[in-house]
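Before any comments, here is the structure.
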Amino acid sequence: MRGTTTPRTGRFPTVGGRLLASARAVPAGRVLRGALLWAGLAVPALGTAWLGLTEPQSWWRQAGALGVLGVAAAVSRVRPVLALLLAAGLGLAASPSLFTLSYGPALSVLGYLLGRRSAAPRPAQLAFAGIAAVGTALVLLRGADPVIEWLVLIGTLLFGAVFPWLTGRYRRQYRELVAAGWSRAAQLEREQEIVADRARLRERARIARDMHDSLGHELSLIALRAGALQVAPGLDPAHRTAAADLREAAAAATDRLHDIIGVLRDPEPGPGPGTGPTPSTAPLVPADETIPALVERAATSGLRVRLRATSGDGGVPGAGAGARQGTSGAPTMAERAAYRVVQEALTNAAKHAPGAEVEVTVERGPHETVVTVVNGPAAPDGPTPDAAPAATPSGTGLIGLRERAALAGGECVAGPHEGGFRVVARLPHTPAGGGETAALGDTGDGHAFARARRAARRRVVVPFAVAGGAAALFVAGAFGWYAYIKTHSVLTPAAYAGLRVGAPYADVEPVLPDLTVTDPPADRAPVPPPPGAQCRYYRSTGELFVSVDHFRLCFRDGRLVSKHAVPRAGGPGVVQRDGVQREVVQQEAKESVR
């Protein structure tokens with residue numbers, strides 16, 4: 001149209017334009033699935049009318065019903081509760097008992113889709129309660145036998161809507177559980193990669209600690225021997241200078257080793273969640289060297305050190321790597337940690353306090369081993385120390401000691417003591433926390449996943465069990481009530497034959513059953529009822545689930561004015577019970593009392 005342009009603002013100027021934009025945003029596949037759903041819901045409605053299974057309806061009522069089904073199919077994805085209510089409305093409009101061949105399939109399909117597409121159960125439960133309430137009101141307003149109608153209503157709602165909804169919920173939860181399982185598998189794979197990376201980092205840090213402890217210790221002993229040689233009396237000045245150069249070179253090598261170790265170490269040392277100790281890792285030290293051997297080797301190198309070992313369990317206090325071994329023959333975590341504590345403490349004493357006296361104490365108790373290494377101040381006549389003892393231990397070696405003690409489940413404390421330095425490590429024989437289990441990863445997640453699966457199954461099984469129990473009670477109650485009303489509305493052929501037209505109601509009442517037929521076959525009656533008379537229908541037999549002959553008794557002014565036999569649907573018109581046989585004439589003479 002001329003003179004009309006759409007502004008280039010990304011918006012449509014009219015409501016129709018916005019609807020067109022939203023329609024364009026809907027994927028074509030979703031539109032196609034909605035159209036197929038609508039066609040599937042419309043087939044039973046049109047098919048039953050075409051086959052004559054329902055009462056004839058005007059074209060506009062059929063078109064309106066098809067339109068309502070189209071709206072229900074369109075909103076079934078975003079508003080599944082509304083779609084179910086629309087189908088239930090069509091069913092209640094056709095029959096207060098909700099049981100219809102035209103819209104029953106739509107109710108079941110939309111109930112299933114409600115379970116598949118709605119996560120919260122509360123809206124569906126409220127919808128079912130609302131349908132039951134409206135249906136009950138319509139049954140009461142209809143005026144027919146309310147019990148039968150209400151039982152049919154509840155049965156249709158239970159089997160035609162609630163069970164499909166539970167089936168849809170089961171399918172939805174099953175798909176969610178499968179998706180959660182694949183997500184959990186992907187997460188476990190990522191966690192395994194992280195665990196492998198952390199294991200590589202821990203191994204690299206372990207190698208760095210062992211290199212620092214072993215090589216640093218040996219370099220410190222070399223520097224100690226060179227220092228002793230430097231101050232030895234009677235040494236040639238050239239040799240004394242060479243010894244000093246050797247000591248300085250060993251000290252410089254120790255510093256360079258410290259820098260290299262800083263690159264290899266983990267930037268955030270310390271055990272983390274799930275890392276745990278790794279008892280299977282082998283230290284870079286001789287497997288048979290014990291603390292006494294280490295102390296003896298240090299003393300041979302010129303370090304003034306003595307060992308004092310006590311045992312609280314009555315054993316021989318070896319306290320070294322290999323002194324007390326597990327069943328596999330490998331030293332325990334506590335023994336390796338004790339060895340490393342003594343080795344690092346002797347290294348620090350030789351480096352920072354040359355010539356000082358060092359005392360190593362190993363106290364083995366029934367549950368823990370306590371290692372204490374104390375060195376005094378540097379000797380005045382000794383070589384110049386490389387560095388004074390730090391007030392707060394922050395070196396790589398002391399950090400490694402704290403890590404190793406923590407991995408063994410203990411603790412390590414180091415600091416100045418009476419002008420010198422002291423290192424104390426408490427190492428339990430059995431680390432707390434189950435290190436190997438922690439190193440393998442937390443297995444609680446698998447148990448939690450199994451519990452989640454069982455909980456999901458219970459959430460599905462319990463509603464099905466409740467609904468199944470309710471269905472069983474409903475079927476039993478409906479059958480019991482059906483059998484009761486059918487068997488208590490039987491007028492035997494012999495009793496019917498003994499009734500005389502014109503007899504007072506008081507004479508007829510004793511032979512009449514307690515109940516009357518609530519759905520009388522008035523359309524099959526041979527003649528219309530007498531004017532102004534009140535007619536009652538009774539069954540001729542107590543057979544269930546089959547069509548039977550009926551008797552119609554009409555009363556007026558307190559007297560029986562007519563009686564007629566109504567043949568069964570498609571029956572021969574003969575009633576035979578208790579030896580009494582009667583031919584039912586199709587046009588019985590009208591009897592009345594004036």
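Identifiers in this document derive from the order of the structure tokens: chains are assigned A, B, ..., residues are numbered from 1 separately in each chain, and ligands are numbered from 1 in order of occurrence.
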(request) Mind checking which residues fall within 10 Å of Ile148 in chain A, counting only C-alpha atoms, ignoring those fewer than 2 positions away in the same chain, and posting them as a list of chain:residue names? (result) A:Ser97, A:Val139, A:Ala144, A:Asp145, A:Pro146, A:Trp150, A:Leu151, A:Val152, A:Leu153, A:Ala478, A:Trp481, A:Tyr482, A:Ile485, A:Thr518
(request) Can you work out which one of A:His550, A:Arg240, A:Arg404, A:His352 has the shortest atom-to-atom distance to Arg202 in chain A, counting only C-alpha atoms? (result) A:Arg404
